[in-house]
Amino acid sequence: MSLITATHNRISRTGSWCSAAGSSSLLFLQLFGTDSVWQLGGFDSAAERGAKQAGPGFAAITISSMRRGGCRLLAVELTSSNTKPVVQEFQSVELSCIIKSTVTPDPRIEWKKIRDGETSYVFFDNKMQGDFATRAEILSRTSLVIKNTTRMDTATYRCEVAAPSDTKTIDEINIQLTVQVKPVTPRCTVPKAVPVGKTASLHCHENEGFPKSTYSWYRNSEPLSPDTKSNAKFQNSSYSLNPTTGTLVFHAVHKGDTGRYSCIATNDAGFAKCEEQEMEVYDLNIGGIIGGVLVVVAVLVLITLGICCAYRRGYFANSKENGESYKTPAKPDGVNYIRTDDEGDFRHKSSFVI
């Protein structure tokens with residue numbers, strides 16, 4: 001690599017020259033302190049021989065000094081001002097893709113979206129693809145701007161640049177986009193009444209926010225500490241709070257746990273709160289329970305006695321569905337029926353007396 005001075009349209013530039021791989025005749029000028037690259041054209045020998053006729057538009061190249069070392073081959077190279085942008089839902093975001101160096105005047109630009117292992121085009125053949133056609137655009141030749149972002153835009157986006165005139169013809173860079181979504185109002189479940197000494201479970205959950213929400217519980221508008229020992233107000237309470245699942249469990253409630261409970265779901269995009277719900281802790285009335293049991297037993301005894309009496313009086317006697325049973329009529333006085341084989345079933349033994 002050598003320090004050289006090139007004159008283009010009577011403008012002098014100083015930089016370093018480097019021949020392309022596989023050919024000592026194609027030279028480039030890398031301007032010091034900039035990312036600009038001049039392609040100087042073809043040479044039939046090394047530039048160290050002195051002044052040479054450069055490519056079209058160049059007057060001459062003069063070697064000002066020599067320096068040994070490796071030669072930096074010029075190739076398309078990409079960079080980004082932010083490879084992990086974060087944006088809230090429904091806002092716009094720029095995915096930065098910058099061509100750091102290239103000698104190709106019109107490189108080909110492509111953007112791809114990679115989500116859940118599937119790859120789809122965002123920008124291809126100089127136009128937006130799919131639903132991006134109405135809400136995305138290319139900025140500064142290579143960067144991608146997405147408008148009205150949604151949670152489905154969270155993905156890896158790949159910027160690819162193809163530069164046929166460069167030594168290295170293709171380069172790419174990945175941009176990881178995160179679209180944050182505010183939590184929605186969580187669904188809270190609070191028992192209305194719990195007896196002293198029993199277990200009570202309170203639940204709070206929402207599944208719309210991204211990143212996933214964490215949960216905090218409040219009693220009478222005061223936050224419940226996850227660690228009961230760290231706060232004197234809750235040292236008498238025996239509960240456990242899981243901020244990840246939103247579950248609040250009282251292992252043995254007491255009268256002091258009575259109050260209005262609410263829950264807040266929070267993530268990096270915002271928070272949401274459910275309405276307060278009342279939980280009452282009451283004492284068990286043992287005497288009342290015993291009295292109630294005795295009343296139920298007495299009622300059952302009375303019902304049993306009533307059924308037995310009804311059976312004895314025949315209120316539940318069964319009768320044939322087709323009417324009363326046939327009964328043989330009584331024999332009138334003075335009539336005696338005698339059956340013989342010759343006369344059939346019956347004959348009069350004596351006649352009626354009138």
# chains A, B, ... in the order shown; residues from 1 in each chain; ligands from 1
$ select_by_dssp --residues "range 111-329 of chain A" --states "strand (DSSP E)" --output "MDAnalysis selection string"
chainID A and resid 111:115 118:124 127:128 136:139 143:146 155:162 170:180 187:189 193:195 200:205 214:219 222:223 239:242 247:250 259:267 270:273 277:282
$ residues_around --residues "range 130-134 of chain A" --least-positions-apart "4" --cutoff "10 Å" --atoms "only C-alpha atoms" --output "ChimeraX atom specification"
/A:120-123,145-147
$ write_last_selection --atoms "all heavy atoms" --output "compact mmCIF listing (two decimals), in the first residue's frame"
# COMPACT_ATOMS: atom_id res chain seq x y z
N SER A 120 -39.43 -13.35 5.07
CA SER A 120 -40.28 -12.74 4.05
C SER A 120 -39.64 -11.43 3.61
O SER A 120 -38.86 -10.81 4.34
CB SER A 120 -41.69 -12.49 4.61
OG SER A 120 -41.64 -11.63 5.74
N TYR A 121 -39.99 -11.00 2.41
CA TYR A 121 -39.43 -9.76 1.86
C TYR A 121 -40.18 -8.55 2.41
O TYR A 121 -41.42 -8.56 2.54
CB TYR A 121 -39.53 -9.75 0.34
CG TYR A 121 -38.41 -10.50 -0.35
CD1 TYR A 121 -38.64 -11.72 -0.96
CD2 TYR A 121 -37.13 -9.97 -0.39
CE1 TYR A 121 -37.62 -12.41 -1.60
CE2 TYR A 121 -36.09 -10.64 -1.02
CZ TYR A 121 -36.34 -11.85 -1.62
OH TYR A 121 -35.32 -12.53 -2.24
N VAL A 122 -39.42 -7.51 2.73
CA VAL A 122 -39.97 -6.21 3.10
C VAL A 122 -39.78 -5.23 1.95
O VAL A 122 -40.71 -4.53 1.53
CB VAL A 122 -39.30 -5.67 4.38
CG1 VAL A 122 -39.82 -4.27 4.71
CG2 VAL A 122 -39.54 -6.62 5.55
N PHE A 123 -38.55 -5.19 1.41
CA PHE A 123 -38.23 -4.33 0.27
C PHE A 123 -37.47 -5.17 -0.74
O PHE A 123 -36.40 -5.69 -0.46
CB PHE A 123 -37.39 -3.13 0.72
CG PHE A 123 -37.05 -2.17 -0.38
CD1 PHE A 123 -38.01 -1.29 -0.87
CD2 PHE A 123 -35.78 -2.13 -0.94
CE1 PHE A 123 -37.70 -0.40 -1.90
CE2 PHE A 123 -35.47 -1.24 -1.95
CZ PHE A 123 -36.43 -0.38 -2.44
N VAL A 145 -37.79 2.81 7.15
CA VAL A 145 -38.65 3.47 8.12
C VAL A 145 -40.00 2.76 8.12
O VAL A 145 -40.65 2.64 7.06
CB VAL A 145 -38.84 4.96 7.79
CG1 VAL A 145 -39.84 5.61 8.75
CG2 VAL A 145 -37.50 5.69 7.85
N ILE A 146 -40.42 2.27 9.28
CA ILE A 146 -41.72 1.61 9.44
C ILE A 146 -42.63 2.54 10.24
O ILE A 146 -42.28 2.96 11.34
CB ILE A 146 -41.58 0.25 10.15
CG1 ILE A 146 -40.62 -0.66 9.37
CG2 ILE A 146 -42.94 -0.42 10.29
CD1 ILE A 146 -40.37 -1.99 10.05
N LYS A 147 -43.80 2.82 9.70
CA LYS A 147 -44.77 3.68 10.37
C LYS A 147 -45.87 2.83 11.00
O LYS A 147 -46.17 1.73 10.55
CB LYS A 147 -45.39 4.66 9.37
CG LYS A 147 -44.36 5.52 8.63
CD LYS A 147 -45.01 6.38 7.56
CE LYS A 147 -43.99 7.19 6.79
NZ LYS A 147 -44.61 7.99 5.69
$ select_by_dssp --residues "range 125-238 of chain A" --states "helix (DSSP H, G or I)" --output "list in words"
Gly130, Asp131, Phe132, Ala133, Thr134, Arg151, Met152, Asp153, Thr228, Lys229, Ser230, Ala232, Lys233 and Phe234 of chain A
$ atom_distance --atom1 "CA of Asp268 in chain A" --atom2 "CA of Pro243 in chain A"
14.9 Å
$ atom_distance --atom1 "CA of Glu222 in chain A" --atom2 "CA of Tyr282 in chain A"
21.8 Å
